[in-house]
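Report on the structure given below.
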Amino acid sequence: MQDPILVVSANEQHCLELCAALEEEDYPIRLLDSLEHLAGGIKGCDCRLAILDLDSLPIDNKVIRKLKRKNPSLRIIGLSSRSFHPELQEAMSSHIYACLGKPVDEEELVFWVKSSLEV
């Protein structure tokens, strides 16, 4: 069985919609509602992908840098309704694999998930 994809969002409805799209493709999912739970959710698991809701979580460059330092093989896909994140300039250029706009197109999400897991 594959390692789970971590879906992190403080918005429960958004999480459920993402999970429904990913579960249709038979991806195992682990839902988390905070960055604190993300740090604990990665321990003891060989997770290779985390999907982060950039709108509902207090994320900045420091958080992403720390996450990648502890988990260098982790791929991060961000989701946001905003087109510009000045507080994430460094993270966007070097640590975030892809950033998708909201509302999320399910086909686009599945494409990026597949491509991130193939590498």
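Please note that chains go A, B, ... in the order of the structure tokens, that every chain numbers its residues from 1, and that ligands are numbered from 1 in the order shown.
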If we count only C-alpha atoms and set the cut-off at 7 Å, which residues sit around Asp60 of chain A, ignoring sequence neighbours fewer than 2 positions away in its own chain? Please answer as a short mmCIF file (atom, residue, chain, number, x, y, z; two decimals) with N, CA, C and O atoms, in the first residue's frame.
data_model
loop_
_atom_site.label_atom_id
_atom_site.label_comp_id
_atom_site.auth_asym_id
_atom_site.auth_seq_id
_atom_site.Cartn_x
_atom_site.Cartn_y
_atom_site.Cartn_z
N PRO A 58 -1.53 29.27 8.94
CA PRO A 58 -0.53 30.34 9.13
C PRO A 58 0.84 29.91 8.62
O PRO A 58 1.71 29.50 9.38
N LYS A 62 9.53 30.38 6.76
CA LYS A 62 10.19 29.67 7.85
C LYS A 62 9.54 28.30 8.10
O LYS A 62 10.23 27.30 8.28
N VAL A 63 8.22 28.27 8.09
CA VAL A 63 7.49 27.01 8.32
C VAL A 63 7.82 25.99 7.22
O VAL A 63 8.12 24.83 7.50
N ILE A 64 7.78 26.45 5.97
CA ILE A 64 8.06 25.55 4.84
C ILE A 64 9.51 25.08 4.87
O ILE A 64 9.80 23.90 4.65
N GLU A 87 4.66 36.63 1.29
CA GLU A 87 5.24 36.00 2.48
C GLU A 87 5.81 34.62 2.18
O GLU A 87 6.50 34.03 3.01
N LEU A 88 5.56 34.10 0.98
CA LEU A 88 6.03 32.76 0.59
C LEU A 88 6.94 32.80 -0.64
O LEU A 88 7.11 31.80 -1.32
#
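Interatomic distance, atom CA of Gln13 of chain A to atom CA of Tyr27 of chain A: 18.7 Å.
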Mind the document's chain letters and residue numbers, and return as a PyMOL selection string the residues of chain A that DSSP labels helix (DSSP H, G or I).
chain A and resi 12-24+35-42+61-70+86-94+106-118
Could you give me, as a PyMOL selection string, the residues within 12 Å of Gln2 of chain A, counting only C-alpha atoms and dropping anything in the same chain fewer than 3 positions from it?
chain A and resi 5+26-30+45-49+117
What is the atom CA of Arg82 of chain A to atom CA of Leu38 of chain A distance in Å?
22.4 Å
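Once Leu31 of chain A and its same-chain neighbours fewer than 6 positions away are set aside, Leu6, Val7 and Val8 of chain A remain within 7 Å of it when counting only C-alpha atoms.
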Could you write out that same residue set with C-alpha atoms as a compact mmCIF listing (two decimals), in the first residue's frame?
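Just written: selection.txt:
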# COMPACT_ATOMS: atom_id res chain seq x y z
CA LEU A 6 -1.31 14.44 3.82
CA VAL A 7 -4.08 16.98 3.25
CA VAL A 8 -3.76 19.91 5.64
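Among the candidates A:Asp33, A:Leu16, A:Arg75, A:Gly101, the one nearest to Glu118 of chain A when counting only C-alpha atoms is A:Arg75.
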What does the distance from atom CA of Ser81 of chain A to atom CA of Asp55 of chain A come to in Å, to one decimal?
7.1 Å
Pull the strand (DSSP E or B) assignments for chain A out of DSSP run on the backbone, and list those residues as a ChimeraX atom specification.
/A:5-8,29-32,49-53,75-80,98-101
List the spatial neighbours of Val104 of chain A as a PDB file with all heavy atoms, in the first residue's frame - criterion: any atom at most 9 Å away, only C-alpha atoms, same-chain residues fewer than 6 positions off excluded.
ATOM      1  N   LEU A  18     -11.412  17.699  -1.334  1.00  0.00           N
ATOM      2  CA  LEU A  18     -10.126  17.226  -1.855  1.00  0.00           C
ATOM      3  C   LEU A  18     -10.001  15.717  -1.696  1.00  0.00           C
ATOM      4  O   LEU A  18      -9.557  15.017  -2.605  1.00  0.00           O
ATOM      5  CB  LEU A  18      -8.973  17.902  -1.130  1.00  0.00           C
ATOM      6  CG  LEU A  18      -8.746  19.370  -1.421  1.00  0.00           C
ATOM      7  CD1 LEU A  18      -7.675  19.920  -0.494  1.00  0.00           C
ATOM      8  CD2 LEU A  18      -8.360  19.575  -2.861  1.00  0.00           C
ATOM      9  N   LEU A  79      -2.457  25.155  -2.157  1.00  0.00           N
ATOM     10  CA  LEU A  79      -3.751  25.527  -2.716  1.00  0.00           C
ATOM     11  C   LEU A  79      -4.102  26.904  -2.193  1.00  0.00           C
ATOM     12  O   LEU A  79      -3.971  27.162  -0.996  1.00  0.00           O
ATOM     13  CB  LEU A  79      -4.836  24.538  -2.283  1.00  0.00           C
ATOM     14  CG  LEU A  79      -4.592  23.064  -2.559  1.00  0.00           C
ATOM     15  CD1 LEU A  79      -5.694  22.225  -1.930  1.00  0.00           C
ATOM     16  CD2 LEU A  79      -4.502  22.808  -4.045  1.00  0.00           C
ATOM     17  N   SER A  80      -4.535  27.799  -3.088  1.00  0.00           N
ATOM     18  CA  SER A  80      -4.852  29.150  -2.636  1.00  0.00           C
ATOM     19  C   SER A  80      -5.810  29.848  -3.592  1.00  0.00           C
ATOM     20  O   SER A  80      -5.779  29.616  -4.797  1.00  0.00           O
ATOM     21  CB  SER A  80      -3.575  29.978  -2.515  1.00  0.00           C
ATOM     22  OG  SER A  80      -3.870  31.291  -2.099  1.00  0.00           O
TER      23      SER A  80
END
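Of the listed residues A:Ser94, A:Ile77, A:Ala39, A:Lys102, the one whose atoms come nearest to Ser115 of chain A is A:Ile77, with distances taken using only C-alpha atoms.
Checking A:Ile42, A:Asn71, A:Glu25, A:Gly78 one by one against Ser9 of chain A, counting only C-alpha atoms, you find the shortest gap at A:Gly78.
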Could you check which of A:Ser83, A:Ala10, A:Tyr97, A:Glu36 is closest to Leu57 of chain A, using only C-alpha atoms?
A:Ala10
